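Data block below; observations after.
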Amino acid sequence: MGSLPKEAVYVEANVTERGLIERLKRSGFVPNEKSAFIIEGLIYYLKPKGVDSLFEELAQIPLIGNLFLIDQISEGMRQNSPDLDKRKTPLYPADLAIYLTERGFSIREYFSLGDPTERYYGKSYPERWWIIAAVK
Ligand SMILES: C[S@@+](CC[C@H](N)C(=O)[O-])C[C@H]1O[C@@H](n2cnc3c(N)ncnc32)[C@H](O)[C@@H]1O
């Protein structure tokens, strides 16, 4: 198994709370330097207000040159996931690509995890989608 470099810093945070970027900055994050954000297995665990707060925070940093990998599942996969609380709200955002575009992100790639996961893990997730968003 791989390991993180020694200089990696862990920052504990509730990503749905305002002040996320300030918190990262206090731990050494430099907004004007190129960064990659991997937001995996996360947004479908959050309430809509929490998702909005997270992306409002991210939109504060210069989006140009930064890379965001974000996954979203379909409503069908969500309904079949026992650990997700589906009763209170519908899938949010219903269309992640439109949601991100409206917030100034531009979509570089949008693909299903069907083929790669089948090949490498023997299990397919055709209803799980990845977006790679970066601006211009
Ligand atoms: C399905 S796991 C995926 C985690 C990660 N992508 C990985 O591969 O290990 C979902 C994670 O989201 C975290 N999480 C859920 N709500 C959160 C929140 N409001 N703030 C920060 N993390 C949260 C949980 O603690 C959990 O570790």
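Letters A, B, ... mark the chains of the structure tokens in the order given; residue numbers begin at 1 per chain; ligand numbers begin at 1, in order shown.
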>> DSSP on the backbone, alpha helix (DSSP H) only: what residues of chain A does that give? Format it as a PyMOL selection string.
In response: chain A and resi 20-26+48-58+75-79+96-102+114-121
For ligand 1, collect every residue having any atom at a distance of at most 10 Å from a ligand atom (counting only C-alpha atoms and all ligand atoms); output as a compact mmCIF listing (two decimals) with C-alpha atoms, in the first residue's frame.
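This went into out29.txt:
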# COMPACT_ATOMS: atom_id res chain seq x y z
CA GLU A 12 -10.00 18.11 10.33
CA ALA A 13 -13.08 19.92 9.07
CA ASN A 14 -16.80 19.72 8.61
CA VAL A 15 -16.92 20.60 4.91
CA THR A 16 -20.48 21.90 5.20
CA GLU A 17 -19.45 24.70 7.55
CA LEU A 20 -13.46 25.91 5.10
CA ILE A 38 -10.69 15.08 -4.86
CA ILE A 39 -14.27 15.11 -3.61
CA GLU A 40 -15.04 11.41 -3.67
CA GLY A 41 -17.82 9.55 -1.94
CA LEU A 42 -18.89 12.74 -0.25
CA ILE A 43 -21.58 14.93 -1.75
CA TYR A 44 -24.36 12.34 -1.63
CA TYR A 45 -23.86 12.06 2.13
CA LEU A 46 -24.48 15.78 2.61
CA LYS A 47 -27.69 17.76 2.91
CA GLY A 50 -24.15 21.49 3.01
CA VAL A 51 -23.40 20.85 -0.66
CA LEU A 54 -19.03 23.46 0.17
CA ILE A 70 -16.05 15.01 -8.01
CA ASP A 71 -18.26 11.97 -8.07
CA ASP A 83 -26.15 3.70 4.19
CA LEU A 84 -27.65 6.78 2.55
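Using only C-alpha atoms for every distance, the candidate list A:Tyr110, A:Phe37, A:Tyr92, A:Tyr99 yields A:Phe37 as the residue closest to Leu69 (chain A).
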>> With distances taken over only C-alpha atoms, which residue among A:Arg78, A:Ala59, A:Asn66, A:Glu22 lies nearest Arg103 (chain A)?
In response: A:Ala59
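In this comparison, which uses only C-alpha atoms, the residue of A:Leu100, A:Lys49, A:Ile61, A:Glu127 approaching Asn80 (chain A) most closely is A:Glu127.
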> Can you list, as a ChimeraX atom specification, every residue of chain A that DSSP puts in strand (DSSP E)?
Replying inline: /A:36-39,67-73,107-113,125-133
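The residue set within 9 Å of Gln60 (chain A), counting only C-alpha atoms and dropping same-chain residues fewer than 4 places from it, reads Ile21, Pro31, Phe55 and Glu56 of chain A.
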Pull N, CA and C atoms from the residues just selected and write them as a PDB file, in the first residue's frame.
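That gives us part-v9.pdb:
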ATOM      1  N   ILE A  21     -12.232  27.330   3.560  1.00  0.00           N
ATOM      2  CA  ILE A  21     -11.007  27.773   2.874  1.00  0.00           C
ATOM      3  C   ILE A  21     -10.068  28.476   3.863  1.00  0.00           C
ATOM      4  N   PRO A  31      -4.158  29.532  -1.899  1.00  0.00           N
ATOM      5  CA  PRO A  31      -5.191  29.535  -2.939  1.00  0.00           C
ATOM      6  C   PRO A  31      -4.685  29.833  -4.345  1.00  0.00           C
ATOM      7  N   PHE A  55     -19.562  24.163  -2.117  1.00  0.00           N
ATOM      8  CA  PHE A  55     -19.187  24.709  -3.422  1.00  0.00           C
ATOM      9  C   PHE A  55     -19.095  26.235  -3.410  1.00  0.00           C
ATOM     10  N   GLU A  56     -19.828  26.881  -2.502  1.00  0.00           N
ATOM     11  CA  GLU A  56     -19.635  28.337  -2.351  1.00  0.00           C
ATOM     12  C   GLU A  56     -18.243  28.608  -1.801  1.00  0.00           C
TER      13      GLU A  56
END
>> Please report the interatomic distance between CA of Ala94 (chain A) and CA of Leu63 (chain A) in Å with one decimal.
In response: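 Those two atoms sit 22.5 Å apart.
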> Looking at only C-alpha atoms, which of A:Ala36, A:Asp52, A:Leu58, A:Ile132 is the one that sits closest to Pro93 (chain A)?
Replying inline: A:Asp52
> Quick one: residues within 9 Å of Leu24 (chain A), only C-alpha atoms counted, chain neighbours fewer than 5 positions away excluded, as a list in words?
Replying inline: Val11, Ala13, Gly19, Phe29 and Val30 of chain A
Could you turn the residues from that selection into a file that holds C-alpha atoms, as an mmCIF file, in the first residue's frame?
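Writing the result to again_2.cif gives the following:
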data_model
loop_
_atom_site.group_PDB
_atom_site.id
_atom_site.type_symbol
_atom_site.label_atom_id
_atom_site.label_comp_id
_atom_site.auth_asym_id
_atom_site.auth_seq_id
_atom_site.Cartn_x
_atom_site.Cartn_y
_atom_site.Cartn_z
ATOM 1 C CA VAL A 11 -6.943 19.117 8.396
ATOM 2 C CA ALA A 13 -13.085 19.922 9.069
ATOM 3 C CA GLY A 19 -14.827 29.083 6.716
ATOM 4 C CA PHE A 29 -3.065 25.935 1.730
ATOM 5 C CA VAL A 30 -2.154 28.650 -0.780
#
